[in-house]
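The structure appears right after this line, and notes come after that.
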Amino acid sequence: MKAVRFHEFGGPEVLRYEDVEQPTPGAGQVRIRVAATSFNGVEANIRAGYMQGPIPVELPHTPGIDVSGTVDALGEGVDDVAVGDAVIGFLPMTGTGAAAEYVIAPAEILTGAPKNIPLADAAALPLVGLTAWQALFEHGRLSAGQRVLINGAGGAVGGYAVQLAKEARAHVIATASPRSAEQVKNAGADEVIDHTSTDVAAAVTETVDLVLNLAPVTPEQLAALVTLIRDGGTLVNTTVWMPAPSDEQRGVRGINLFVRSDADQLADLAARVSTGELHVEVAHRVALADLPALHAQAGAGELAGKTVVLAPTA
C-alpha cells in the first residue's frame, strides 16, 4: 500500500510517499481502509522532532492523527464494529497514523461517521472537535447563561468551540482577524473582536466565566486575559509550550489542555453533525502524495482553515 512516512526528523522534505506493507490487525484492533486523514499543526512539530518528550514516535513514522474510513478487517475479540462500517477516530498520537491507504486502530477509539457529510470530510472532526469539547465542558465547565471568551476563534478548533458554546446557550465573545471574522460570526459568536487592531483585554468590558486561549500569544498577553475572568472562573490554554497562568487569590484556575481520544465524546459530536447542529468546515482537500507540500505550506504560514488529506482510491 501507499503511505507517507518520515525516516528522520526535519523539515517537510523528510516526508516520503512510498510503498509499505499492508498492516494486519491484532487483538482488539481493526484495519481501516482510509478515506482521509487531516492536517493538524502538532503533526508538523512531531515531524520536526520538537515533541519527542510528550509524544515520542518510532521511526519511520506515518503521520495522520485523525482518520475517517471503512472497517476492512477485524482483529480477535472485536465485536462492537463490523466490516463495512464507516467510522471516524482520533488515533493514538505515538502510533502509526492514517496518512496511508490502510491503518490499524484500537476498536475502542472508533465511532460511527456522521451520515450527512462525505466520509472523507469527517476526518476534519476528531482532534479539533474533541479539543473544543474538552476545553469548554470538561475543563471549563461551561453552562447556559455564562460568558466565554474564545481567543483565536478563527482556526479549526475555534470554529467548533464557537458553535458548541453557542449551542450550550452561553454568551460567546470571539477574537478573529478580518479574514475569518465573518466565518466566526456565522458560527454563532455574539461579539467578534479584531485582535489585529484592538487590544483584547481593553475590548472586553464585562468579566467572563471562561477564557479559552487557542492563539499563539505572548506570556504577557495570556496573563492579561486572566484579568478578564471573574473570581472563581477558568482559563483553558491549548498552546502547551506556555503554562496557563492562574490567580489563586481570586480562585481563577489555569488549565493546560492535552486533548485525549474519547469515543463517547466523539460519538456525541458526530451525532450533532448528523442532525445539522454542528457544521464541519473543510477549507482544502489534497491528495496523500501532496502531504509534503501541505506541510511546507503550513510551515510558511500559508494554510488557512482545515485541510483533509485524501487516501488514494482503488
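Quick note on naming: the chains in the C-alpha cells go A, B, ... in the order shown, residues restart at 1 in each chain, and ligands are numbered from 1 in order of appearance.
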Compile a residue-level contact table for range 133-190 of chain A against range 237-243 of chain A at a cut-off of 12 Å, reporting for every qualifying residue the shortest atom pair and its distance in Å to one decimal, with only C-alpha atoms counted, rows ordered by chain and ascending number, as a Markdown table.
```
| residue | atom | partner | partner_atom | distance |
| --- | --- | --- | --- | --- |
| A:Gln134 | CA | A:Thr238 | CA | 10.8 |
| A:Ala135 | CA | A:Asn237 | CA | 8.2 |
| A:Leu136 | CA | A:Asn237 | CA | 10.8 |
| A:His139 | CA | A:Asn237 | CA | 10.2 |
| A:Gly140 | CA | A:Asn237 | CA | 10.3 |
| A:Leu149 | CA | A:Asn237 | CA | 11.9 |
| A:Ile150 | CA | A:Asn237 | CA | 10.3 |
| A:Asn151 | CA | A:Asn237 | CA | 9.7 |
| A:Gly152 | CA | A:Thr238 | CA | 10.6 |
| A:Val157 | CA | A:Thr238 | CA | 9.9 |
| A:Gly158 | CA | A:Thr238 | CA | 11.1 |
```
From a DSSP calculation on the backbone, collect every residue of range 194-236 of chain A in alpha helix (DSSP H) and output the set as a ChimeraX atom specification. /A:200-203,219-226
Write a file of the selected residues as a compact mmCIF listing (two decimals), in the first residue's frame, keeping N, CA and C atoms.
```txt
# COMPACT_ATOMS: atom_id res chain seq x y z
N VAL A 200 -7.29 43.14 23.11
CA VAL A 200 -8.40 42.28 23.54
C VAL A 200 -8.79 42.58 24.98
N ALA A 201 -7.79 42.72 25.86
CA ALA A 201 -8.08 42.96 27.28
C ALA A 201 -8.86 44.25 27.48
N ALA A 202 -8.61 45.24 26.63
CA ALA A 202 -9.32 46.52 26.75
C ALA A 202 -10.72 46.44 26.14
N ALA A 203 -10.89 45.56 25.16
CA ALA A 203 -12.18 45.49 24.44
C ALA A 203 -13.24 44.73 25.22
N PRO A 219 3.42 35.34 26.73
CA PRO A 219 3.05 35.12 28.13
C PRO A 219 2.36 36.33 28.75
N GLU A 220 2.79 37.53 28.34
CA GLU A 220 2.18 38.76 28.87
C GLU A 220 0.73 38.91 28.41
N GLN A 221 0.48 38.58 27.14
CA GLN A 221 -0.89 38.66 26.62
C GLN A 221 -1.78 37.62 27.29
N LEU A 222 -1.23 36.44 27.53
CA LEU A 222 -2.01 35.39 28.19
C LEU A 222 -2.34 35.79 29.62
N ALA A 223 -1.36 36.38 30.32
CA ALA A 223 -1.59 36.84 31.69
C ALA A 223 -2.66 37.92 31.74
N ALA A 224 -2.70 38.78 30.71
CA ALA A 224 -3.71 39.84 30.66
C ALA A 224 -5.12 39.28 30.55
N LEU A 225 -5.25 38.11 29.91
CA LEU A 225 -6.58 37.51 29.77
C LEU A 225 -7.13 37.04 31.11
N VAL A 226 -6.24 36.69 32.05
CA VAL A 226 -6.68 36.26 33.38
C VAL A 226 -7.45 37.38 34.09
```
Please identify all polymer residues within 12 Å of Tyr50 in chain A, counting only C-alpha atoms, omitting same-chain residues fewer than 4 positions from it, and present them as a ChimeraX atom specification. /A:9-11,41-46,54-57,241
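Taking CA of Leu257 in chain A and CA of Leu125 in chain A as the two end points, the separation is 17.6 Å.
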For each of A:Thr227, A:Thr24, A:Thr275, A:Ser261, take the minimum atom-to-atom distance to Asn116 in chain A, counting only C-alpha atoms, then give the residue where this is smallest.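 Of A:Thr227, A:Thr24, A:Thr275, A:Ser261, the one nearest Asn116 in chain A, counting only C-alpha atoms, is A:Thr275.
If you count only C-alpha atoms and ignore residues fewer than 5 places along the chain from Ala153 in chain A, what sits within 8 Å of it is A:Gly158, A:Gly159, A:Ala161, A:Val162, A:Ala174, A:Thr175, A:Ala176, A:Val184, A:Leu214.
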